[in-house]
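In what follows, a structure is listed as structure tokens, so that the remarks can point back to it.
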Amino acid sequence: MRVIDSHTEGAPTRVIVDGGPGLGAGSLRERLERFRDRADSYRRFAISEPRGSDAVVGALLCEPVDEACAAGVIFFNNTGYLNMCGHGAMGVAVTLAYLGRIGPGIHRLETPVGVVQVELLSPNEVAIENVPSYRHRAKVAIDVPGLGAVTGDIAWGGNWFFLVEQSPVPLVMESLRQLDDAARRVRAELERREITGSDGGLIDHIEFFGPPNAADANSRNFVYCPGGAYDRSPCGTGTSAKLACLAADGKLAPGELWVQESIIGSRFSASYRTDESGQIIPRITGRAYVCSEATLIQQPDDPYAHGIA
Ligand code: PYC
């Protein structure tokens with residue numbers, strides 16, 4: 001399998017450019033389901049240890065249904081499949097540019113949840129225009145065992161998020177373990193109470209917010225991803241969900257800049273516009289760098305040929 005690795009504001013993306021599963025025709029959603037049901041060993045092989053790590057988001061390039069798109073893409077991680085991935089879309093854009101498949105300017109990527117626009121602003125700067133994002137519920141209060149009362153909003157930014165305005169744990173790298181533990185507890189309690197997205201979707205991303213470190217940023221976050229890794233970037237879909245909440249609260253106007261800092265201090269610049277039907281269309285800008293090109297090998301007697309489960 002031939003892969004190209006990049007990172008977007010510190011968050012790794014591994015794009016499968018050759019040797020991935022053949023998923024046949026159909027919508028990207030249908031092909032994601034086929035990937036999950038019939039070819040999941042490819043996912044584990046591509047990104048799990050010992051060839052990858054929990055932090056890696058994989059991206060399988062596919063033929064798009066919509067011919068206006070430069071590529072179709074299915075994102076996956078250490079535990080399963082992602083509807084969308086903002087940092088991953090930026091990683092795919094710089095990878096396609098590295099391969100000479102796209103140049104500077106505006107392109108489209110087809111994902112299982114819709115078409116996302118990627119604009120290559122310079123070799124390593126990418127702006128994505130994400131799928132319409134919205135807040136489903138505001139100020140949902142839950143009592144979390146071992147943590148106490150936690151209040152958050154539920155919003156869609158291409159994945160489902162629970163956004164907690166005041167992080168229960170300081171947003172510093174030294175507190176990663178406690179942040180992880182708190183986020184796991186929040187996620188488990190949401191699941192136990194059967195609190196879901198508007199479509200019944202699992203809320204599998206937890207986002208804690210607090211004041212930024214940099215004077216010119218608006219906020220700092222910690223994003224817990226399905227599978228237990230934390231996002232090294234400020235999270236493209238998570239920042240989209242945040243914009244939807246800010247818009248719903250009247251705290252951010254269309255076109256106004258929002259700088260979201262991640263737990264490692266990297267940042268996305270974000271804003272939104274509204275479309276003809278009033279939906280929030282987030283635009284998130286960040287930097288992505290290709291950092292390796294590799295051929296992954298599977299030897300017949302390797303006990304971890306399909307990754308460490
Ligand atoms: O950037 O949207 C994102 C993302 C989702 C999970 C990890 N990164």
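Numbering starts fresh at 1 for the residues of each chain in the structure tokens, the chains themselves are lettered A, B, ... in the order given, and ligands are numbered from 1 as they appear.
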
Would you mind listing the residues within 7 Å of ligand 1, counting only C-alpha atoms and all ligand atoms, as a PDB file with C-alpha atoms, in the first residue's frame?
ATOM      1  CA  VAL A  57      -6.603   9.958  10.454  1.00  0.00           C
ATOM      2  CA  MET A  84     -15.817  14.223   7.634  1.00  0.00           C
ATOM      3  CA  CYS A  85     -12.477  15.489   8.857  1.00  0.00           C
ATOM      4  CA  GLY A  86     -11.439  19.114   8.482  1.00  0.00           C
ATOM      5  CA  HIS A  87      -7.742  18.682   9.209  1.00  0.00           C
ATOM      6  CA  GLY A  88      -7.848  15.591   6.972  1.00  0.00           C
ATOM      7  CA  CYS A 225     -11.991  12.084  19.119  1.00  0.00           C
ATOM      8  CA  ASP A 231      -6.919  16.274  18.012  1.00  0.00           C
ATOM      9  CA  SER A 233      -5.189  20.606  15.450  1.00  0.00           C
ATOM     10  CA  PRO A 234      -8.095  22.806  16.596  1.00  0.00           C
ATOM     11  CA  CYS A 235     -10.353  20.345  14.678  1.00  0.00           C
ATOM     12  CA  GLY A 236     -11.978  21.477  11.444  1.00  0.00           C
ATOM     13  CA  THR A 237     -15.362  19.898  12.074  1.00  0.00           C
ATOM     14  CA  GLY A 238     -15.182  20.939  15.744  1.00  0.00           C
TER      15      GLY A 238
END

Inset, instruction - Could you please write out, as a list in words, every residue of region 78-139 of chain A that DSSP assigns to strand (DSSP E)? - result: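 Assigned to strand (DSSP E), within region 78-139 of chain A: Tyr81, Leu82, Gly105, Ile106, His107, Arg108, Leu109, Glu110, Thr111, Gly114, Val115, Val116, Gln117, Val118, Glu119, Leu120, Leu121, Ser122, Glu125, Val126, Ala127, Ile128, Glu129, Tyr134, Arg135, His136, Arg137, Ala138 and Lys139 of chain A.
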
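The shell of residues at most 12 Å from Gly228 (chain A), with only C-alpha atoms counted and near chain neighbours (fewer than 3 positions) removed, consists of Ser53, Asp54, Ala55, Val56, Asn77, Asn78, Thr79, Gly80, Leu176, Arg177, Leu179, Asp180, Asp181, Ala182, Ala183, Arg184, Arg185, Arg187, Ala188, Asp204, His205, Ile206, Val223, Tyr224, Cys225 and Asp231 of chain A.
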
Legend entry - Which residue of A:Phe162, A:Phe209, A:Tyr81, A:Tyr134 approaches Gln260 (chain A) most closely, using only C-alpha atoms: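 Counting only C-alpha atoms, the residue closest to Gln260 (chain A) is A:Phe209.
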
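Counting from CA of Ile264 (chain A), the distance to CA of Leu252 (chain A) is 24.5 Å.
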
For Ser266 (chain A), find every residue with an atom within 12 Å (counting only C-alpha atoms), except residues of its own chain fewer than 2 positions away, and show them as a PDB file with N, CA and C atoms, in the first residue's frame.
ATOM      1  N   HIS A   7       0.788  16.545   7.938  1.00  0.00           N
ATOM      2  CA  HIS A   7       0.137  16.965   9.180  1.00  0.00           C
ATOM      3  C   HIS A   7      -0.470  18.334   8.962  1.00  0.00           C
ATOM      4  N   THR A   8      -1.595  18.544   9.599  1.00  0.00           N
ATOM      5  CA  THR A   8      -2.300  19.821   9.526  1.00  0.00           C
ATOM      6  C   THR A   8      -2.272  20.415  10.925  1.00  0.00           C
ATOM      7  N   GLU A   9      -1.548  21.465  11.096  1.00  0.00           N
ATOM      8  CA  GLU A   9      -1.431  22.089  12.424  1.00  0.00           C
ATOM      9  C   GLU A   9      -1.137  21.030  13.489  1.00  0.00           C
ATOM     10  N   GLY A  10      -0.280  20.065  13.125  1.00  0.00           N
ATOM     11  CA  GLY A  10       0.153  19.038  14.082  1.00  0.00           C
ATOM     12  C   GLY A  10      -0.644  17.744  14.020  1.00  0.00           C
ATOM     13  N   ALA A  11      -1.808  17.740  13.373  1.00  0.00           N
ATOM     14  CA  ALA A  11      -2.649  16.540  13.332  1.00  0.00           C
ATOM     15  C   ALA A  11      -2.345  15.723  12.071  1.00  0.00           C
ATOM     16  N   HIS A  87      -9.208  18.665   9.358  1.00  0.00           N
ATOM     17  CA  HIS A  87      -7.742  18.682   9.209  1.00  0.00           C
ATOM     18  C   HIS A  87      -7.359  17.699   8.112  1.00  0.00           C
ATOM     19  N   PRO A 212      -7.771  31.614  25.316  1.00  0.00           N
ATOM     20  CA  PRO A 212      -6.573  31.295  24.513  1.00  0.00           C
ATOM     21  C   PRO A 212      -5.300  31.716  25.223  1.00  0.00           C
ATOM     22  N   ASN A 213      -4.172  31.184  24.764  1.00  0.00           N
ATOM     23  CA  ASN A 213      -2.871  31.657  25.248  1.00  0.00           C
ATOM     24  C   ASN A 213      -2.443  32.903  24.482  1.00  0.00           C
ATOM     25  N   ALA A 214      -2.642  32.866  23.152  1.00  0.00           N
ATOM     26  CA  ALA A 214      -2.198  33.989  22.317  1.00  0.00           C
ATOM     27  C   ALA A 214      -3.200  35.137  22.407  1.00  0.00           C
ATOM     28  N   ALA A 217      -5.838  35.316  19.587  1.00  0.00           N
ATOM     29  CA  ALA A 217      -6.778  34.201  19.365  1.00  0.00           C
ATOM     30  C   ALA A 217      -8.030  34.430  20.199  1.00  0.00           C
ATOM     31  N   SER A 219     -10.033  31.675  21.384  1.00  0.00           N
ATOM     32  CA  SER A 219     -10.390  30.560  22.265  1.00  0.00           C
ATOM     33  C   SER A 219      -9.364  29.445  22.099  1.00  0.00           C
ATOM     34  N   ARG A 220      -9.269  28.591  23.106  1.00  0.00           N
ATOM     35  CA  ARG A 220      -8.387  27.416  23.040  1.00  0.00           C
ATOM     36  C   ARG A 220      -9.293  26.200  23.228  1.00  0.00           C
ATOM     37  N   ASN A 221      -8.954  25.087  22.598  1.00  0.00           N
ATOM     38  CA  ASN A 221      -9.801  23.906  22.805  1.00  0.00           C
ATOM     39  C   ASN A 221      -8.991  22.635  23.026  1.00  0.00           C
ATOM     40  N   PHE A 222      -9.698  21.642  23.527  1.00  0.00           N
ATOM     41  CA  PHE A 222      -9.212  20.265  23.607  1.00  0.00           C
ATOM     42  C   PHE A 222     -10.310  19.445  22.956  1.00  0.00           C
ATOM     43  N   ASP A 231      -7.306  15.611  19.256  1.00  0.00           N
ATOM     44  CA  ASP A 231      -6.919  16.274  18.012  1.00  0.00           C
ATOM     45  C   ASP A 231      -5.775  17.247  18.295  1.00  0.00           C
ATOM     46  N   ARG A 232      -4.694  17.093  17.562  1.00  0.00           N
ATOM     47  CA  ARG A 232      -3.563  18.024  17.718  1.00  0.00           C
ATOM     48  C   ARG A 232      -3.902  19.367  17.064  1.00  0.00           C
ATOM     49  N   SER A 233      -4.746  19.356  16.078  1.00  0.00           N
ATOM     50  CA  SER A 233      -5.189  20.606  15.450  1.00  0.00           C
ATOM     51  C   SER A 233      -6.415  21.114  16.211  1.00  0.00           C
ATOM     52  N   PRO A 234      -6.890  22.322  15.909  1.00  0.00           N
ATOM     53  CA  PRO A 234      -8.095  22.806  16.596  1.00  0.00           C
ATOM     54  C   PRO A 234      -9.376  22.112  16.121  1.00  0.00           C
ATOM     55  N   CYS A 235      -9.251  21.179  15.173  1.00  0.00           N
ATOM     56  CA  CYS A 235     -10.353  20.345  14.678  1.00  0.00           C
ATOM     57  C   CYS A 235     -11.252  21.138  13.713  1.00  0.00           C
ATOM     58  N   VAL A 259     -10.428  33.003  15.737  1.00  0.00           N
ATOM     59  CA  VAL A 259      -9.167  32.243  15.740  1.00  0.00           C
ATOM     60  C   VAL A 259      -9.238  31.203  16.851  1.00  0.00           C
ATOM     61  N   GLN A 260      -9.222  29.952  16.428  1.00  0.00           N
ATOM     62  CA  GLN A 260      -9.329  28.835  17.376  1.00  0.00           C
ATOM     63  C   GLN A 260      -7.961  28.207  17.576  1.00  0.00           C
ATOM     64  N   GLU A 261      -7.551  28.172  18.829  1.00  0.00           N
ATOM     65  CA  GLU A 261      -6.255  27.598  19.199  1.00  0.00           C
ATOM     66  C   GLU A 261      -6.478  26.164  19.677  1.00  0.00           C
ATOM     67  N   SER A 262      -5.538  25.273  19.343  1.00  0.00           N
ATOM     68  CA  SER A 262      -5.659  23.885  19.812  1.00  0.00           C
ATOM     69  C   SER A 262      -4.927  23.721  21.134  1.00  0.00           C
ATOM     70  N   ILE A 263      -5.023  22.537  21.698  1.00  0.00           N
ATOM     71  CA  ILE A 263      -4.340  22.245  22.957  1.00  0.00           C
ATOM     72  C   ILE A 263      -2.818  22.318  22.789  1.00  0.00           C
ATOM     73  N   ILE A 264      -2.305  22.093  21.557  1.00  0.00           N
ATOM     74  CA  ILE A 264      -0.848  22.215  21.378  1.00  0.00           C
ATOM     75  C   ILE A 264      -0.453  23.640  20.971  1.00  0.00           C
ATOM     76  N   PHE A 268      -6.449  27.536  13.827  1.00  0.00           N
ATOM     77  CA  PHE A 268      -7.235  27.707  12.608  1.00  0.00           C
ATOM     78  C   PHE A 268      -7.848  29.099  12.639  1.00  0.00           C
ATOM     79  N   SER A 269      -7.911  29.744  11.475  1.00  0.00           N
ATOM     80  CA  SER A 269      -8.672  30.985  11.341  1.00  0.00           C
ATOM     81  C   SER A 269     -10.014  30.593  10.736  1.00  0.00           C
ATOM     82  N   THR A 285      -9.366  27.954   7.831  1.00  0.00           N
ATOM     83  CA  THR A 285      -8.058  28.022   7.168  1.00  0.00           C
ATOM     84  C   THR A 285      -6.956  27.545   8.109  1.00  0.00           C
ATOM     85  N   GLY A 286      -6.086  26.683   7.564  1.00  0.00           N
ATOM     86  CA  GLY A 286      -4.967  26.188   8.361  1.00  0.00           C
ATOM     87  C   GLY A 286      -3.807  25.817   7.454  1.00  0.00           C
ATOM     88  N   ARG A 287      -2.721  25.357   8.078  1.00  0.00           N
ATOM     89  CA  ARG A 287      -1.522  24.978   7.308  1.00  0.00           C
ATOM     90  C   ARG A 287      -1.324  23.472   7.362  1.00  0.00           C
ATOM     91  N   ALA A 288      -0.963  22.906   6.226  1.00  0.00           N
ATOM     92  CA  ALA A 288      -0.726  21.460   6.164  1.00  0.00           C
ATOM     93  C   ALA A 288       0.557  21.209   5.377  1.00  0.00           C
TER      94      ALA A 288
END

Inset, instruction - Can you work out which one of A:Leu32, A:Thr295, A:Pro300, A:Gly105 has the shortest atom-to-atom distance to Ile4 (chain A), counting only C-alpha atoms? - result: A:Thr295

Inset, instruction - In Å, rounded to a single decimal, give me how far CA of Tyr289 (chain A) is from CA of Val131 (chain A). - result: 23.4 Å

Legend entry - Proximity to Leu82 (chain A) - best of A:Ala141, A:Ile281, A:Ile203, A:Val94, only C-alpha atoms: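 Checking each candidate against Leu82 (chain A), we get A:Ile203 as the closest.
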
Inset, instruction - Give me the residues within 7 Å of Leu121 (chain A) as number ranges by chain, counting only C-alpha atoms and dropping any in the same chain fewer than 3 places off. - result: A: 104-105, 125-126

Legend entry - Which of region 15-259 of chain A DSSP labels helix (DSSP H, G or I), written as a PyMOL selection string: chain A and resi 28-38+40-47+86-98+173-192+236-248

Residues near Pro64 (chain A), cut-off 12 Å, only C-alpha atoms, skip fewer than 6 positions along chain, as a short mmCIF file (atom, residue, chain, number, x, y, z; two decimals) with N, CA and C atoms, in the first residue's frame:
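So out_2.cif came out as:
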data_model
loop_
_atom_site.label_atom_id
_atom_site.label_comp_id
_atom_site.auth_asym_id
_atom_site.auth_seq_id
_atom_site.Cartn_x
_atom_site.Cartn_y
_atom_site.Cartn_z
N GLY A 24 -16.05 -0.52 -5.27
CA GLY A 24 -17.12 -0.52 -6.27
C GLY A 24 -17.72 0.86 -6.45
N ALA A 25 -18.91 0.87 -7.03
CA ALA A 25 -19.58 2.15 -7.34
C ALA A 25 -20.57 2.49 -6.23
N GLY A 26 -21.25 3.62 -6.42
CA GLY A 26 -22.28 4.04 -5.46
C GLY A 26 -21.85 5.30 -4.75
N SER A 27 -22.72 5.76 -3.86
CA SER A 27 -22.43 7.01 -3.15
C SER A 27 -21.26 6.78 -2.20
N LEU A 28 -20.65 7.85 -1.76
CA LEU A 28 -19.54 7.74 -0.81
C LEU A 28 -20.03 7.10 0.49
N ARG A 29 -21.27 7.35 0.87
CA ARG A 29 -21.84 6.73 2.08
C ARG A 29 -21.93 5.21 1.89
N ARG A 31 -20.14 3.43 -0.12
CA ARG A 31 -18.78 2.87 -0.18
C ARG A 31 -18.14 2.84 1.21
N ALA A 70 -12.61 16.95 -7.39
CA ALA A 70 -11.26 16.48 -7.72
C ALA A 70 -11.07 15.05 -7.24
N ALA A 71 -11.75 14.66 -6.16
CA ALA A 71 -11.64 13.30 -5.62
C ALA A 71 -12.78 13.05 -4.66
N GLY A 72 -13.06 11.77 -4.45
CA GLY A 72 -13.92 11.37 -3.34
C GLY A 72 -12.98 10.97 -2.22
N VAL A 73 -13.43 11.09 -0.98
CA VAL A 73 -12.55 10.69 0.13
C VAL A 73 -13.36 10.12 1.29
N ILE A 74 -12.86 9.00 1.80
CA ILE A 74 -13.46 8.39 2.99
C ILE A 74 -12.43 8.48 4.12
N ARG A 108 -13.00 20.73 -5.23
CA ARG A 108 -14.05 20.11 -4.40
C ARG A 108 -13.67 18.69 -4.05
N LEU A 109 -14.03 18.29 -2.84
CA LEU A 109 -13.86 16.90 -2.41
C LEU A 109 -15.23 16.37 -2.04
N GLU A 110 -15.52 15.16 -2.51
CA GLU A 110 -16.80 14.54 -2.14
C GLU A 110 -16.58 13.66 -0.91
N THR A 111 -17.39 13.83 0.11
CA THR A 111 -17.27 13.04 1.34
C THR A 111 -18.61 12.34 1.58
N PRO A 112 -18.67 11.41 2.52
CA PRO A 112 -19.96 10.74 2.79
C PRO A 112 -21.05 11.69 3.29
N GLY A 114 -21.28 14.99 2.18
CA GLY A 114 -21.50 16.08 1.23
C GLY A 114 -20.20 16.58 0.63
N VAL A 115 -20.36 17.56 -0.24
CA VAL A 115 -19.20 18.11 -0.94
C VAL A 115 -18.59 19.22 -0.10
#

Inset, instruction - Go through A:Met1, A:Ser133, A:Pro21, A:Ser175 one by one, measure the shortest atom-to-atom distance of each to Phe35 (chain A) using only C-alpha atoms, and give the residue with the smallest value. - result: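 Nearest candidate to Phe35 (chain A) out of A:Met1, A:Ser133, A:Pro21, A:Ser175: A:Pro21.
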
Inset, instruction - Pick out the residues sitting within 12 Å of Gly278 (chain A), and hand them over as number ranges by chain; count only C-alpha atoms, and ignore anything fewer than 6 positions along from it in its own chain. - result: A: 132-134, 244, 247-248, 254, 272

Save out the residues we just selected, all heavy atoms, as a CSV table (one decimal), in the first residue's frame.
chain,number,residue,atom,x,y,z
A,132,PRO,N,-22.8,22.4,5.6
A,132,PRO,CA,-23.6,23.2,6.5
A,132,PRO,C,-23.6,22.7,7.9
A,132,PRO,O,-23.7,21.5,8.1
A,132,PRO,CB,-25.0,23.1,5.9
A,132,PRO,CG,-24.8,22.8,4.5
A,132,PRO,CD,-23.6,21.9,4.4
A,133,SER,N,-23.4,23.6,8.8
A,133,SER,CA,-23.2,23.3,10.2
A,133,SER,C,-24.3,23.9,11.1
A,133,SER,O,-24.8,25.0,10.7
A,133,SER,CB,-21.8,23.7,10.7
A,133,SER,OG,-20.8,23.1,9.9
A,134,TYR,N,-24.7,23.3,12.1
A,134,TYR,CA,-25.8,23.9,12.9
A,134,TYR,C,-25.8,23.4,14.4
A,134,TYR,O,-25.2,22.3,14.7
A,134,TYR,CB,-27.2,23.5,12.3
A,134,TYR,CG,-27.5,22.1,12.2
A,134,TYR,CD1,-28.3,21.4,13.2
A,134,TYR,CD2,-27.0,21.3,11.2
A,134,TYR,CE1,-28.6,20.1,13.1
A,134,TYR,CE2,-27.3,19.9,11.1
A,134,TYR,CZ,-28.1,19.3,12.1
A,134,TYR,OH,-28.3,18.0,12.0
A,244,ALA,N,-21.1,27.4,14.5
A,244,ALA,CA,-22.6,27.3,14.5
A,244,ALA,C,-23.2,27.7,15.8
A,244,ALA,O,-24.2,28.4,15.8
A,244,ALA,CB,-23.0,25.8,14.1
A,247,ALA,N,-22.8,31.5,16.1
A,247,ALA,CA,-23.8,32.2,15.3
A,247,ALA,C,-25.2,32.1,15.9
A,247,ALA,O,-25.9,33.1,16.0
A,247,ALA,CB,-23.8,31.5,13.9
A,248,ALA,N,-25.5,30.9,16.4
A,248,ALA,CA,-26.9,30.8,17.1
A,248,ALA,C,-27.0,31.7,18.3
A,248,ALA,O,-28.1,32.1,18.6
A,248,ALA,CB,-27.1,29.3,17.5
A,254,PRO,N,-21.7,36.9,10.3
A,254,PRO,CA,-21.1,36.3,9.1
A,254,PRO,C,-19.9,37.1,8.7
A,254,PRO,O,-19.9,38.4,8.7
A,254,PRO,CB,-22.2,36.5,8.0
A,254,PRO,CG,-23.5,36.6,8.8
A,254,PRO,CD,-23.1,37.2,10.1
A,272,TYR,N,-17.7,32.3,8.9
A,272,TYR,CA,-18.8,31.6,8.2
A,272,TYR,C,-19.6,32.6,7.3
A,272,TYR,O,-19.5,33.8,7.5
A,272,TYR,CB,-19.7,30.9,9.2
A,272,TYR,CG,-20.6,31.9,10.0
A,272,TYR,CD1,-21.9,32.2,9.5
A,272,TYR,CD2,-20.2,32.4,11.2
A,272,TYR,CE1,-22.7,33.1,10.3
A,272,TYR,CE2,-21.0,33.3,11.9
A,272,TYR,CZ,-22.2,33.6,11.4
A,272,TYR,OH,-23.0,34.5,12.2

Inset, instruction - Record the distance separating CA of Cys245 (chain A) and CA of Asn130 (chain A), expressed in Å with one decimal. - result: 15.2 Å

Inset, instruction - Using only C-alpha atoms, pick whichever of A:Ala46, A:Ala215, A:Leu257, A:Cys69 has the shortest atom-to-atom distance to Ala294 (chain A). - result: A:Ala46
